[in-house]
Amino acid sequence: MSGRHVSRVRALYKRVLQLHRVLPPDLKALGDQYVKDEFRRHKIVGSDEAQRFLQEWEVYATVLLQQANENRQNSTGKACFGTFLPEEKLNDFRDEQIGQLQELMQEATKPNRQFSISESTKPKF
């Protein structure tokens, strides 16, 4: 990986962790651990997979920033984070990714969290 790519990865990693500061504490802890695990897991991947990985995390960072700004302007005081995961995108996931998504959902929906995740017929991302 070139120096340019390494600095891009490092900057994105820091940006995502900074954006997580707006999340409720339990969700921040869960998100931070997931980010750290995913970036570590993708340290040694091919160029194409690295590009897709960075692209998806850049989209995530953009969406999270947008949602944080919307939540700041929301007068109800109820923060909303997340987005729908279209079925066609879910179909592109490998079995390992589906397993990770399932684990993440289970962890995020454990009782006694300081946040709630509404049930929906559409998968959440």
# chains A, B, ... in the order shown; residues from 1 in each chain; ligands from 1
$ select_by_dssp --residues "range 28-118 of chain A" --states "alpha helix (DSSP H)" --output "ChimeraX atom specification"
/A:28-41,47-73,87-90,95-108
$ closest_residue --among "A:Ala68, A:Leu17, A:Ile98, A:Leu12" --to "Cys80 in chain A" --atoms "only C-alpha atoms"
A:Ala68
$ residues_around --residues "Leu101 in chain A" --least-positions-apart "2" --cutoff "12 Å" --atoms "only C-alpha atoms" --output "list in words"
Tyr34, Glu38, Leu85, Leu90, Phe93, Arg94, Asp95, Glu96, Gln97, Ile98, Gly99, Glu103, Leu104, Met105, Gln106, Glu107, Ala108, Pro123, Lys124 and Phe125 of chain A
$ closest_residue --among "A:Asp48, A:Asp37, A:Asp92, A:Glu58" --to "Val16 in chain A" --atoms "only C-alpha atoms"
A:Glu58
$ atom_distance --atom1 "CA of Asn69 in chain A" --atom2 "CA of Pro24 in chain A"
14.7 Å
$ closest_residue --among "A:Arg40, A:Gln102, A:Leu19, A:Pro25" --to "Gln66 in chain A" --atoms "only C-alpha atoms"
A:Leu19
$ closest_residue --among "A:Lys110, A:Ala11, A:His20, A:Ser47" --to "Gln33 in chain A" --atoms "only C-alpha atoms"
A:His20
